[in-house]
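All remarks here apply to the structure that follows.
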Protein chains: 4
Amino acid sequence: MTPWRTAIVHAHENSIRLRGYDITELMEKASFADVAFLLHQGRLPSAHESRIFNAILIASADHGAGAPSCATARLAASGNRQSFSAAVAAGVLAIGDNHGGAGARCMELIAEGAALAKQEGIPIEEAAQRVYQQLLARGERVSGFGHRVHSTDPRVDVMFRLASEAGAEPGEGVRFVRAIEKLLAAKTKPIPINVDGALAALLHDLGFEPRAGMFLFIIGRVVGLTAEVNEEYTREKPMRIKVPVEYDGEGPRSL
Amino acid sequence: MTPWRTAIVHAHENSIRLRGYDITELMEKASFADVAFLLHQGRLPSAHESRIFNAILIASADHGAGAPSCATARLAASGNRQSFSAAVAAGVLAIGDNHGGAGARCMELIAEGAALAKQEGIPIEEAAQRVYQQLLARGERVSGFGHRVHSTDPRVDVMFRLASEAGAEPGEGVRFVRAIEKLLAAKTKPIPINVDGALAALLHDLGFEPRAGMFLFIIGRVVGLTAEVNEEYTREKPMRIKVPVEYDGEGPRSL
Amino acid sequence: MTPWRTAIVHAHENSIRLRGYDITELMEKASFADVAFLLHQGRLPSAHESRIFNAILIASADHGAGAPSCATARLAASGNRQSFSAAVAAGVLAIGDNHGGAGARCMELIAEGAALAKQEGIPIEEAAQRVYQQLLARGERVSGFGHRVHSTDPRVDVMFRLASEAGAEPGEGVRFVRAIEKLLAAKTKPIPINVDGALAALLHDLGFEPRAGMFLFIIGRVVGLTAEVNEEYTREKPMRIKVPVEYDGEGPRSL
Amino acid sequence: MTPWRTAIVHAHENSIRLRGYDITELMEKASFADVAFLLHQGRLPSAHESRIFNAILIASADHGAGAPSCATARLAASGNRQSFSAAVAAGVLAIGDNHGGAGARCMELIAEGAALAKQEGIPIEEAAQRVYQQLLARGERVSGFGHRVHSTDPRVDVMFRLASEAGAEPGEGVRFVRAIEKLLAAKTKPIPINVDGALAALLHDLGFEPRAGMFLFIIGRVVGLTAEVNEEYTREKPMRIKVPVEYDGEGPRSL
């Protein structure tokens with residue numbers, strides 16, 4: 001088999017380097033979140049970037065035992081206690097377009113807007129307006145805006161505050177979602193930025209590609225999934241979960 | 001990389017052989033269940049064995065949308081509609097010691113009894129009694145007996161009837177579980193053989209190893225899992241499942 | 001929680017019905033493949049349909065230890081021997097658009113052609129030509145045609161032969177892929193129908209939706225996956241698999 | 001369905017609390033690793049504990065594309081590009097007793113030693129000796145010691161150095177593995193503590209249960225898995241991986 005090529009880890013007999021940095025130096029001086037940033041971006045974050053990145057991962061860690069990812073992991077653990085990794089993996093599998101996917105979709109819109117702004121030499125706010133018009137024309141919704149329950153997500157304000165700390169100018173991502181927010185505010189019922197939209201704006205400004213939206217959600221959520229599975233193991237009996245079912249199919253028949 | 005060795009499939013440019021049989025001949029003349037038997041046992045089943053084996057797989061196919069495997073698959077599908085295989089795999093992950101594992105454990109007891117009978121030159125019924133006494137002494141339960149609900153599992157009778165069809169003498173597995181059943185019947189509250197015990201007896205008599213108990217349950221159940229996931233996709237909206245949660249942990253506190 | 005609705009299984013205290021049929025009757029009289037057909041289609045297949053359906057599942061069962069699904073399952077088993085279901089699930093996860101997905105994509109083309117034929121009142125062959133022209137115009141390839149190695153897949157002929165047995169008229173699916181084949185034969189280098197194209201044609205004619213292409217591949221392949229994992233367990237040591245890696249990233253650097 | 005109870009997350013309409021702490025306060029002031037510690041332990045770590053905990057997670061993040069977890073994830077991604085989470089989950093499934101499990105097993109030995117020391121009122125070093133003698137008597141190996149390649153793992157020294165920083169007294173876990181190391185040094189060929197043993201000692205001293213050994217390995221490794229899958233997506237073509245296979249089974253035969 002041809003060797004696989006990789007630019008991530010170089011493991012020698014007596015040394016392990018992650019993106020060129022000696023793992024022992026990272027262990028002594030870097031934070032775990034910084035190493036996650038490094039492995040995905042190929043560079044270490046600044047102190048300001050690190051603060052934002054930690055906040056993003058924390059915001060994704062857990063949102064309650066009933067979220068699809070956590071509930072899936074607990075259900076799997078309820079039947080299978082032979083392997084912790086099986087239950088955690090089952091939880092990861094519930095993450096996709098509908099759960100944990102809105103951030104990545106919003107990042108795609110921002111990337112589209114950024115490309116348009118660059119190509120046409122227009123401000124990102126104008127590009128945001130054009131991207132929004134195209135969505136409207138296609139009858140699509142803007143990912144990253146609006147809440148399922150009529151409430152404010154407390155995580156949104158913190159993210160934007162952190163992003164603007166230390167006098168930082170708002171990045172392209174933040175300007176994009178703010179521009180969309182303004183357009184939506186003109187409606188009879190304003191639709192606020194939600195946590196996925198805030199995450200998307202900040203991740204774009206940290207230099208991540210749209211795809212990263214889901215990868216980082218997975219990294220954050222696995223911390224919650226392991227804690228949820230551990231709680232299921234230690235507090236609950238196997239097979240405790242009974243989902244109520246109602247049959248509405250074909251009546252009795254014979255071959 | 002050293003090539004991996006295998007005794008299962010031989011794929012040439014213009015021919016594919018499974019355990020030595022040309023796949024086109026199997027496609028024309030064998031049943032799918034027979035091929036499952038072949039891949040696991042290295043030989044094709046007799047007509048009588050095939051009937052029993054089909055019944056075992058059918059018995060495992062589905063038991064309702066609320067079983068841990070099916071509910072896990074549906075929950076995963078509720079969040080992630082990007083990959084059918086992700087939802088099916090999540091369902092497979094709920095299969096383990098507590099869900100789909102009793103058959104394998106009962107098969108271990110039968111294998112233990114069979115080894116004892118052979119080694120000591122005693123009838124399998126006597127070996128069953130000794131295995132049972134050892135379990136009692138260790139304070140363990142006999143897997144394959146007893147029901148969670150006070151009822152009769154309709155699948156059990158059919159299995160034993162199929163096994164004894166065509167004048168077949170009861171095999172070691174059947175004799176083992178029948179002997180245990182007799183011991184348990186002497187109790188004030190008799191504990192009948194359940195579907196896992198019947199499956200275990202028949203699979204042992206078909207020549208399967210204990211481990212196969214779980215593999216065959218997975219093969220059978222994947223048929224149900226795919227149907228359940230398909231129904232979730234076609235009849236239900238994403239993110240429809242909300243699990244009710246009650247918090248009973250630490251009260252509000254500050255850093 | 002609101003009960004989940006389902007039209008697949010009705011499980012009572014003393015009876016289990018699959019799509020209305022008593023599971024014990026199915027265990028006695030039906031084949032495992034027929035039950036798979038029933039759970040997905042809501043009806044039992046005819047004898048002719050059953051033969052084709054068995055062949056399709058057998059064709060998908062295994063293609064060698066090195067196929068992505070089998071190799072993934074074996075690699076997972078190499079690190080994790082705590083749960084059979086974990087290794088099997090890992091193998092299932094390798095099934096997707098690029099592995100096991102061509103059949104479903106070809107079924108979408110057939111469904112598109114069938115809708116066009118019905119809507120415009122034209123023969124399916126003419127609809128096939130139009131669908132093909134649209135693909136060409138978009139610069140896309142026709143899924144279900146062509147081989148990675150320059151050879152004939154032995155499974156293709158058998159499938160078409162089985163489909164036309166008992167004097168059966170060729171269905172819409174078969175006619176569609178045959179029409180495409182004719183168009184491709186006019187090229188300098190003819191591109192034959194491959195196993196995915198044959199599967200797609202037959203599944204369409206059996207009444208399955210495009211999505212089913214992948215579900216049925218999963219059902220078939222799980223039989224192979226369990227056998228491969230079992231062989232890995234019984235013949236190989238844990239952690240035996242070493243994949244050769246070559247680092248081509250950033251050179252040594254310090255924080 | 002009865003509500004599920006949990007002591008991890010309390011999600012209200014306008015507030016989310018993790019183990020009692022407001023998520024916005026954690027986002028502003030805590031690190032991601034600290035939140036992982038909090039979710040698993042119910043308390044935030046001290047600055048010294050946090051440094052050690054970050055190092056442990058970094059040490060587990062990635063060890064090369066050829067490790068079973070990373071190779072499994074890449075193989076799955078090679079066949080299935082429909083869902084990032086599917087590939088990451090496949091990688092998680094390769095984590096188990098043989099890959100990522102040695103730490104948890106070593107933690108069990110330490111916990112056993114700690115219980116013995118407490119119960120008998122003896123120093124942990126003496127308890128270590130007894131645990132070791134019992135292992136020898138059962139013919140078992142001591143998890144957490146010895147290398148597959150004859151070399152020194154650079155991560156071990158750093159861990160012990162971090163643990164003893166700020167004048168910290170060595171904890172029970174460190175003293176236990178050091179005592180075992182001394183016993184093994186008396187052998188003709190000394191067997192050093194490996195990274196799993198160092199991790200186990202430190203995690204025990206941070207207050208984690210043995211089970212946590214694997215959970216924390218999963219948390220760390222998911223960072224590497226997402227980066228490996230991302231690299232597979234961006235640098236490689238689908239289906240590029242071909243594993244060489246050699247057939248050594250039954251020769252050609254007919255039905």
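Naming scheme: A, B, ... for chains in displayed order of the structure tokens; residues 1 onward per chain; ligands 1 onward as shown.
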I want to know what sits within 12 Å of Arg155 in chain C, based on only C-alpha atoms, with residues of the same chain fewer than 4 positions away left out; could you give that as a VMD selection string? (chain B and resid 14 to 17 22 to 28) or (chain C and resid 55 to 60 63 151 159 to 162 193 to 199)
Up to 10 Å from chain A, what residues of chain C turn up? Count only C-alpha atoms and give them as a PyMOL selection string. chain C and resi 1-11+17-22+25-26+29-30+42+44+80-87+89-90+93+243-255
Within 7 Å of range 94-111 of chain D using only C-alpha atoms, minus same-chain residues under 4 positions, as a PDB file with C-alpha atoms, in the first residue's frame:
```pdb
ATOM      1  CA  SER A  83     -18.129   0.015  24.892  1.00  0.00           C
ATOM      2  CA  SER A  85     -17.055   4.670  22.503  1.00  0.00           C
TER       3      SER A  85
ATOM      4  CA  LEU C  75      -9.633  -1.539  11.448  1.00  0.00           C
ATOM      5  CA  ALA C  76     -12.165  -0.586  14.118  1.00  0.00           C
ATOM      6  CA  ALA C  77     -12.149  -4.190  15.392  1.00  0.00           C
ATOM      7  CA  GLY C  79      -8.543  -1.297  18.220  1.00  0.00           C
ATOM      8  CA  ASN C  80     -11.844  -2.070  19.902  1.00  0.00           C
ATOM      9  CA  ARG C  81     -12.829  -5.623  20.830  1.00  0.00           C
ATOM     10  CA  GLN C  82     -15.305  -4.630  23.496  1.00  0.00           C
ATOM     11  CA  PRO C 238      -5.566  -6.711  18.178  1.00  0.00           C
ATOM     12  CA  MET C 239      -3.711  -3.663  16.844  1.00  0.00           C
TER      13      MET C 239
ATOM     14  CA  PRO D  68      -6.440   2.806  14.323  1.00  0.00           C
ATOM     15  CA  SER D  69      -8.836   5.632  15.199  1.00  0.00           C
ATOM     16  CA  THR D  72     -10.631   4.129  10.500  1.00  0.00           C
ATOM     17  CA  ALA D  90     -16.232   5.625  12.760  1.00  0.00           C
ATOM     18  CA  ALA D 115      -8.713   1.105  48.311  1.00  0.00           C
ATOM     19  CA  SER D 143      -1.135  -1.827  31.936  1.00  0.00           C
ATOM     20  CA  GLY D 144       0.636   1.516  31.652  1.00  0.00           C
ATOM     21  CA  GLY D 173      -1.566   7.861  41.574  1.00  0.00           C
ATOM     22  CA  PHE D 176       1.550   4.078  42.852  1.00  0.00           C
ATOM     23  CA  ASP D 196      -1.002   5.530  29.430  1.00  0.00           C
ATOM     24  CA  GLY D 197       0.522   4.934  32.853  1.00  0.00           C
ATOM     25  CA  LEU D 199      -2.106   9.656  32.162  1.00  0.00           C
ATOM     26  CA  ALA D 200      -3.654   7.158  34.555  1.00  0.00           C
ATOM     27  CA  ALA D 201      -1.614   8.390  37.533  1.00  0.00           C
ATOM     28  CA  HIS D 204      -6.451   9.490  39.400  1.00  0.00           C
ATOM     29  CA  PRO D 210     -11.150   4.671  35.983  1.00  0.00           C
ATOM     30  CA  ARG D 211     -13.929   4.879  33.419  1.00  0.00           C
ATOM     31  CA  GLY D 213      -9.629   7.240  31.241  1.00  0.00           C
ATOM     32  CA  MET D 214     -11.391   6.310  28.060  1.00  0.00           C
ATOM     33  CA  PHE D 217      -9.003   9.889  25.503  1.00  0.00           C
TER      34      PHE D 217
END
```
Range 18-140 of chain B: which residues are alpha helix (DSSP H) by DSSP, as a count of residues only? 87
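What separates CA of Glu112 in chain D from CA of Arg130 in chain D is a distance of 10.1 Å.
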Find the nearest atom pair between each residue of range 33-55 of chain C and range 220-226 of chain C for residues within 12 Å, count only C-alpha atoms, give distances in Å to one decimal, sort rows by chain and ascending number, and present the table as a Markdown table.
```
| residue | atom | partner | partner_atom | distance |
| --- | --- | --- | --- | --- |
| C:Ala33 | CA | C:Gly220 | CA | 9.8 |
| C:Ala36 | CA | C:Gly220 | CA | 10.4 |
| C:Phe53 | CA | C:Gly220 | CA | 10.6 |
| C:Asn54 | CA | C:Gly220 | CA | 9.4 |
| C:Ala55 | CA | C:Gly220 | CA | 10.0 |
```
Spatial neighbours of Leu184 in chain C, max dist 10 Å, only C-alpha atoms, sep filter under 5 positions, as a PyMOL selection string: chain C and resi 132+142+145-146+178-179+189-193
One-decimal distance in Å that lies between CA of Val229 in chain D and CA of Thr152 in chain D: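 If I compute the distance from CA of Thr152 in chain D to CA of Val229 in chain D, I get 29.0 Å.
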Restricting to only C-alpha atoms, whichever of D:Asn230, D:Arg175, D:Glu165, D:Leu136 is closest to Ala47 in chain D is D:Glu165
